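Below: one structure, written as structure tokens.
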Amino acid sequence: MNIFLLCLLILFGTIFATVQLLLILGKATKNESLTFYARSIASFTALILCAAYGTLASACLNVAGYGGLGQWTTARAFKYVMLLFVGVRFDIQDSQGWLVKTRPAVFVCNHQTELDVLFLGSMFPRYTSVTAKKSLKMVPFLGWFMSLSKTVFIERKSREQAVAAFAKAAEQMHTHKQNVFIFPEGTRSYYEHPDLLPFKKGAFHLAVQAQVPIVPVVVANYSNVLNVKKKIFRQGTIPARVLEPIETKGKTKEDVDALLEETRTRMLAELQDLTAHAREEGVALREHEASHATTNGTVKASGVDTRYNAAA
């Protein structure tokens, strides 16, 4: 046991020394890439530490009958560890208290980079979980943590399985008063300007089936804090805003497209407004600095991903 602890201390000591060396060299040579790799290593280390903590915490909370708090407590731990390790934080603007008052609900948000995991750590309300592919349930450690922390698993192989999975997820949401968080874009955009990828329909199908509100959350473009393409990773405070919930009571699957369009339109307008302020604070790249190229070549006129995405 003592040898194991000694090895861990040596490992983390080496990581800490490497990160500090890269930061010093990056500052001295004004090399953004060195700083990028230093903070990336620190972020990955923080993620591993919090994942280990989350597995243990979720197991204990599950035994105590509070398994729904597993992802919340792990998210909060990651928030503070990342602030210490990397110096990045998200400022969650929720003047009406929608995060606390709305439960159960389906939360949706724009998806930019890997740093959105830290955003989740900052905004996750209690009794909230993400969705995941059912196959992940069998993955050691990750699957165990997800199961213990009330993750909503969705089967995506066929429409019939997806519909059945949504029915079960809706039941779980009401039984445990559990919120679900989904990135409707389905993947990271890596945009340097305020825009959204087409939305998949899964979050809206789930909200309608569960008859719970959709709560849009928008994070300002933060391409001047983290920019994977340009190897930028800086300290900073990133603004995010919680919008008024959109009710789904009485709506059916025929209303899903309209709900998607309404949500996306509101989120895009808010994203552009937030990013204008983020540019003034140096969080987002200026208009003339940002690339406006699409990342996946998808036509975005309607904002709807027209490929089969019933459970995505």
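In the structure tokens, each chain is lettered A, B, ... as it comes, each chain's residues begin at 1, and ligands are numbered from 1 in order of appearance.
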Close residues, His292 (chain A) itself excluded, 8 Å, only C-alpha atoms, min 3 positions apart in chain, as a PyMOL selection string: chain A and resi 191-193
Residues of the last selection are to be written out with N, CA, C and O atoms, as an mmCIF file, in the first residue's frame.
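Resulting contents of result-v1.cif:
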data_model
loop_
_atom_site.group_PDB
_atom_site.id
_atom_site.type_symbol
_atom_site.label_atom_id
_atom_site.label_comp_id
_atom_site.auth_asym_id
_atom_site.auth_seq_id
_atom_site.Cartn_x
_atom_site.Cartn_y
_atom_site.Cartn_z
ATOM 1 N N TYR A 191 -16.500 25.976 -33.326
ATOM 2 C CA TYR A 191 -16.660 27.242 -34.029
ATOM 3 C C TYR A 191 -15.875 28.361 -33.342
ATOM 4 O O TYR A 191 -15.746 28.395 -32.120
ATOM 5 N N GLU A 192 -15.392 29.306 -34.176
ATOM 6 C CA GLU A 192 -14.737 30.501 -33.659
ATOM 7 C C GLU A 192 -15.681 31.705 -33.724
ATOM 8 O O GLU A 192 -15.279 32.829 -33.420
ATOM 9 N N HIS A 193 -16.921 31.469 -34.097
ATOM 10 C CA HIS A 193 -17.926 32.512 -34.199
ATOM 11 C C HIS A 193 -19.227 31.974 -33.596
ATOM 12 O O HIS A 193 -19.384 30.767 -33.441
#
Surrounding residues of Val81 (chain A) excluding itself and chain neighbours under 5 positions, 12 Å, only C-alpha atoms, as a VMD selection string: chain A and resid 42 to 51 53 74 to 76 86 to 89 118 121 to 122
I need the chosen residues saved as a tab-separated table (two decimals), in the first residue's frame, with C-alpha atoms.
chain	number	residue	atom	x	y	z
A	42	ALA	CA	-3.60	19.64	-16.18
A	43	SER	CA	-7.21	19.30	-17.39
A	44	PHE	CA	-6.81	15.60	-18.16
A	45	THR	CA	-5.27	15.01	-14.73
A	46	ALA	CA	-8.17	16.84	-13.07
A	47	LEU	CA	-10.63	14.72	-15.06
A	48	ILE	CA	-8.99	11.46	-13.94
A	49	LEU	CA	-8.94	12.55	-10.29
A	50	CYS	CA	-12.59	13.60	-10.33
A	51	ALA	CA	-13.68	10.45	-12.18
A	53	TYR	CA	-13.76	10.45	-6.79
A	74	THR	CA	-18.69	14.83	-9.30
A	75	ALA	CA	-19.41	17.84	-11.53
A	76	ARG	CA	-18.93	20.27	-8.67
A	86	VAL	CA	-6.27	25.64	-15.07
A	87	GLY	CA	-7.78	28.96	-13.98
A	88	VAL	CA	-10.92	28.70	-16.13
A	89	ARG	CA	-14.44	29.17	-14.78
A	118	LEU	CA	-16.22	21.94	-17.12
A	121	GLY	CA	-19.46	20.96	-13.64
A	122	SER	CA	-20.45	24.58	-13.15
Pick from A:Pro213, A:Gly282, A:Gly236, A:Gly26 nearest to Arg103 (chain A), counting only C-alpha atoms: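 Smallest distance to Arg103 (chain A) is found for A:Pro213.
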Members of region 124-306 of chain A assigned strand (DSSP E or B) by DSSP, as a PyMOL selection string: chain A and resi 128-133+152-154+179-182+199+214-219+226-227+232-233+236-242+246+304
One-decimal distance in Å that lies between CA of Phe85 (chain A) and CA of Asn31 (chain A): 19.5 Å
Alpha helix (DSSP H) positions in region 12-134 of chain A, given as a VMD selection string: chain A and resid 12 to 29 32 to 63 70 to 85 98 to 101 116 to 123
Who sits within 6 Å of Leu285 (chain A), only C-alpha atoms, same chain under 5 positions skipped, as a PyMOL selection string: chain A and resi 223-224+290
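Minimum atom-to-atom distances from A:Met173, A:Ala276, A:Ala164, A:Ile3 to Asn221 (chain A) were compared using only C-alpha atoms, and the lowest value belongs to A:Ala276.
Using only C-alpha atoms, the nearest neighbour of Ala278 (chain A) within the list A:Ser129, A:Asp91, A:Lys137, A:Leu243 is A:Asp91.
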Distance criterion (only C-alpha atoms): nearest to Glu244 (chain A) out of A:Thr14, A:Ser135, A:Thr187, A:Thr263: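 Ranked by minimum distance to Glu244 (chain A), first place goes to A:Thr263.
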Point-to-point distance in Å for CA of Ala220 (chain A) and CA of Glu270 (chain A):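 CA of Ala220 (chain A) lies 8.5 Å from CA of Glu270 (chain A).
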Point-to-point distance in Å for CA of Gln235 (chain A) and CA of Leu115 (chain A):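 According to the coordinates, CA of Leu115 (chain A) and CA of Gln235 (chain A) are separated by 12.1 Å.
Among A:Tyr80, A:Phe153, A:Tyr127, A:Tyr37, the residue with the shortest atom-to-atom distance to Thr175 (chain A), counting only C-alpha atoms, is A:Tyr127.
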